[in-house]
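Reviewing the structure listed below.
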Amino acid sequence: MKKKIFSLLFTVLLSCCLMNMSDTLAATETTEVNVSLGNEAGELVFVPNHVELIAGKKYKIKLDNPSPTKHYFTAKDFADASWTQKVEAAKVEVKGAIHELELKPSAQAEWVLVPMKPGKYELHCSISGHTEAGMVGDIIVLSE
Ligand SMILES: [Cu+2]
């Protein structure tokens with residue numbers, strides 16, 4: 001019986017902590033970062049292809065695709081090392097784990113997140129041939 005009460009208390013405490021963490025993160029200032037997938041000339045590039053962020057700060061990564069073909073923003077390790085508040089696109093809000101976003105021509109999406117772990121993370125477009133053609137980049141997360 002004692003054990004049960006203890007584990008219940010622990011669960012309550014733990015969920016309080018997690019909720020506080022989300023609240024704190026949600027309340028901090030948001031820095032906007034723009035990244036284009038491809039360009040109007042149809043080149044297979046990210047613009048910019050190098051992004052520097054600071055761990056623990058909140059960012060709104062605004063993605064757009066000005067090119068005539070569809071592209072992916074794939075950054076799995078970066079996503080795993082970040083806390084995602086939401087992804088917003090075309091009036092839809094997606095919450096939870098995100099690893100990859102697909103943007104059709106002229107599409108836009110906003111990814112609101114807090115990078116949690118310093119490091120160098122790779123970014124690529126996972127459409128066949130695009131990575132090889134140079135559609136790669138890196139995301140550097142600096143410590144606070
Ligand atoms: Cu691509």
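By convention in this document, the chains of the structure tokens carry letters A, B, ... by their order, each chain's residues are numbered from 1, and ligands are numbered from 1 in the order they are shown.
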Can you check which parts of stretch 29-110 of chain A lie within 9 Å of stretch 116-124 of chain A? Per residue, the shortest pair of atoms and distance in Å to one decimal, counting only C-alpha atoms, sorted by chain and number, as a Markdown table.
```
| residue | atom | partner | partner_atom | distance |
| --- | --- | --- | --- | --- |
| A:Phe46 | CA | A:His124 | CA | 8.4 |
| A:Asn49 | CA | A:Leu123 | CA | 8.4 |
| A:Leu53 | CA | A:Pro118 | CA | 8.9 |
| A:Ile54 | CA | A:Pro118 | CA | 7.7 |
| A:Ala55 | CA | A:Met116 | CA | 5.1 |
| A:Gly56 | CA | A:Met116 | CA | 5.5 |
| A:Lys57 | CA | A:Met116 | CA | 8.4 |
| A:Tyr72 | CA | A:His124 | CA | 7.4 |
| A:Phe73 | CA | A:His124 | CA | 6.3 |
| A:Thr74 | CA | A:His124 | CA | 5.3 |
| A:Ala75 | CA | A:Leu123 | CA | 4.7 |
| A:Lys76 | CA | A:Leu123 | CA | 8.0 |
| A:Asp77 | CA | A:Tyr121 | CA | 6.3 |
| A:Phe78 | CA | A:Tyr121 | CA | 5.5 |
| A:Ala81 | CA | A:Lys117 | CA | 5.5 |
| A:Ser82 | CA | A:Met116 | CA | 5.0 |
| A:Trp83 | CA | A:Met116 | CA | 6.6 |
```
Residues of the last selection are to be written out with N, CA and C atoms, as a JSON list (two decimals), in the first residue's frame.
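File result08.json, as written:
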```
[["chain", "number", "residue", "atom", "x", "y", "z"],
["A", 46, "PHE", "N", 19.58, 24.31, -49.87],
["A", 46, "PHE", "CA", 18.86, 24.96, -48.78],
["A", 46, "PHE", "C", 19.42, 26.38, -48.68],
["A", 49, "ASN", "N", 22.25, 27.23, -45.97],
["A", 49, "ASN", "CA", 22.53, 25.80, -45.73],
["A", 49, "ASN", "C", 23.28, 25.60, -44.42],
["A", 53, "LEU", "N", 22.00, 27.86, -33.86],
["A", 53, "LEU", "CA", 21.01, 28.09, -32.82],
["A", 53, "LEU", "C", 21.67, 27.94, -31.46],
["A", 54, "ILE", "N", 20.99, 28.43, -30.44],
["A", 54, "ILE", "CA", 21.52, 28.32, -29.08],
["A", 54, "ILE", "C", 20.62, 27.40, -28.28],
["A", 55, "ALA", "N", 21.23, 26.44, -27.62],
["A", 55, "ALA", "CA", 20.47, 25.47, -26.82],
["A", 55, "ALA", "C", 19.65, 26.19, -25.75],
["A", 56, "GLY", "N", 18.42, 25.73, -25.56],
["A", 56, "GLY", "CA", 17.57, 26.29, -24.51],
["A", 56, "GLY", "C", 16.76, 27.50, -24.95],
["A", 57, "LYS", "N", 17.04, 28.03, -26.14],
["A", 57, "LYS", "CA", 16.25, 29.16, -26.62],
["A", 57, "LYS", "C", 15.17, 28.64, -27.58],
["A", 72, "TYR", "N", 12.07, 17.95, -49.06],
["A", 72, "TYR", "CA", 11.94, 17.56, -47.65],
["A", 72, "TYR", "C", 12.95, 18.30, -46.80],
["A", 73, "PHE", "N", 12.53, 18.62, -45.61],
["A", 73, "PHE", "CA", 13.43, 19.13, -44.59],
["A", 73, "PHE", "C", 13.60, 17.98, -43.60],
["A", 74, "THR", "N", 14.69, 17.26, -43.74],
["A", 74, "THR", "CA", 14.92, 16.07, -42.92],
["A", 74, "THR", "C", 16.10, 16.29, -41.99],
["A", 75, "ALA", "N", 15.85, 16.29, -40.71],
["A", 75, "ALA", "CA", 16.89, 16.53, -39.71],
["A", 75, "ALA", "C", 16.53, 15.71, -38.48],
["A", 76, "LYS", "N", 16.68, 14.39, -38.60],
["A", 76, "LYS", "CA", 16.20, 13.49, -37.56],
["A", 76, "LYS", "C", 16.93, 13.68, -36.23],
["A", 77, "ASP", "N", 18.27, 13.71, -36.28],
["A", 77, "ASP", "CA", 19.03, 13.83, -35.03],
["A", 77, "ASP", "C", 18.78, 15.17, -34.35],
["A", 78, "PHE", "N", 18.64, 16.21, -35.18],
["A", 78, "PHE", "CA", 18.33, 17.53, -34.63],
["A", 78, "PHE", "C", 16.96, 17.50, -33.96],
["A", 81, "ALA", "N", 17.04, 15.84, -30.69],
["A", 81, "ALA", "CA", 17.75, 16.62, -29.67],
["A", 81, "ALA", "C", 17.01, 17.93, -29.35],
["A", 82, "SER", "N", 15.78, 18.05, -29.84],
["A", 82, "SER", "CA", 15.03, 19.27, -29.62],
["A", 82, "SER", "C", 13.68, 18.96, -28.98],
["A", 83, "TRP", "N", 13.12, 19.98, -28.35],
["A", 83, "TRP", "CA", 11.75, 19.87, -27.85],
["A", 83, "TRP", "C", 10.87, 20.62, -28.83]]
```
Name all residues at most 9 Å from A:Ala97 (count only C-alpha atoms; drop same-chain ones fewer than 6 positions away) and give them as a ChimeraX atom specification.
/A:79-80,83-84,86
Against ligand 1, which residues of chain A fall within 10 Å? For each one I want the closest pair of atoms and the distance in Å (one decimal), counting only C-alpha atoms and all ligand atoms, rows by chain and increasing residue number, as CSV.
```
residue,atom,partner,partner_atom_place_in_ligand_line,distance
A:Leu37,CA,ligand 1,1 (Cu),6.9
A:Gly38,CA,ligand 1,1 (Cu),6.8
A:Gly42,CA,ligand 1,1 (Cu),9.6
A:Glu43,CA,ligand 1,1 (Cu),9.1
A:Leu44,CA,ligand 1,1 (Cu),6.0
A:Val45,CA,ligand 1,1 (Cu),7.6
A:Phe46,CA,ligand 1,1 (Cu),8.6
A:Asn65,CA,ligand 1,1 (Cu),9.6
A:Ser67,CA,ligand 1,1 (Cu),9.4
A:Thr69,CA,ligand 1,1 (Cu),7.5
A:Lys70,CA,ligand 1,1 (Cu),6.3
A:His71,CA,ligand 1,1 (Cu),3.7
A:Tyr72,CA,ligand 1,1 (Cu),5.6
A:Phe73,CA,ligand 1,1 (Cu),8.0
A:Thr74,CA,ligand 1,1 (Cu),9.8
A:Glu102,CA,ligand 1,1 (Cu),9.2
A:Leu103,CA,ligand 1,1 (Cu),9.1
A:Lys104,CA,ligand 1,1 (Cu),9.9
A:His124,CA,ligand 1,1 (Cu),7.9
A:Cys125,CA,ligand 1,1 (Cu),4.6
A:Ser126,CA,ligand 1,1 (Cu),6.6
A:Ile127,CA,ligand 1,1 (Cu),5.4
A:Ser128,CA,ligand 1,1 (Cu),8.0
A:Gly129,CA,ligand 1,1 (Cu),8.1
A:His130,CA,ligand 1,1 (Cu),4.9
A:Thr131,CA,ligand 1,1 (Cu),7.3
A:Ala133,CA,ligand 1,1 (Cu),9.1
A:Gly134,CA,ligand 1,1 (Cu),9.2
A:Met135,CA,ligand 1,1 (Cu),6.2
A:Val136,CA,ligand 1,1 (Cu),9.0
```
When DSSP works through the backbone of this structure, what residues of stretch 11-130 of chain A end up as strand (DSSP E or B), shown as an MDAnalysis selection string?
chainID A and resid 30:37 46:47 50:54 58:64 71:74 82:89 92:94 100:103 108:115 119:124
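Residues surrounding A:Val33 within 10 Å are A:Pro48, A:Val51, A:Glu52, A:Leu53, A:Tyr59, A:Lys60, A:Ile61, A:Lys62, A:Leu63, A:Glu110, A:Trp111 [only C-alpha atoms; sequence separation below 6 positions excluded].
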Writer output for current selection, C-alpha atoms, as a PDB file, in the first residue's frame:
```pdb
ATOM      1  CA  PRO A  48      20.810  29.186 -46.002  1.00  0.00           C
ATOM      2  CA  VAL A  51      21.978  27.537 -39.296  1.00  0.00           C
ATOM      3  CA  GLU A  52      23.291  28.350 -35.830  1.00  0.00           C
ATOM      4  CA  LEU A  53      21.007  28.091 -32.824  1.00  0.00           C
ATOM      5  CA  TYR A  59      12.899  29.257 -32.288  1.00  0.00           C
ATOM      6  CA  LYS A  60      10.294  29.455 -34.975  1.00  0.00           C
ATOM      7  CA  ILE A  61      11.864  27.918 -38.053  1.00  0.00           C
ATOM      8  CA  LYS A  62       9.922  29.277 -41.000  1.00  0.00           C
ATOM      9  CA  LEU A  63      10.243  26.981 -43.978  1.00  0.00           C
ATOM     10  CA  GLU A 110       6.504  26.845 -39.189  1.00  0.00           C
ATOM     11  CA  TRP A 111       8.331  24.626 -36.751  1.00  0.00           C
TER      12      TRP A 111
END
```
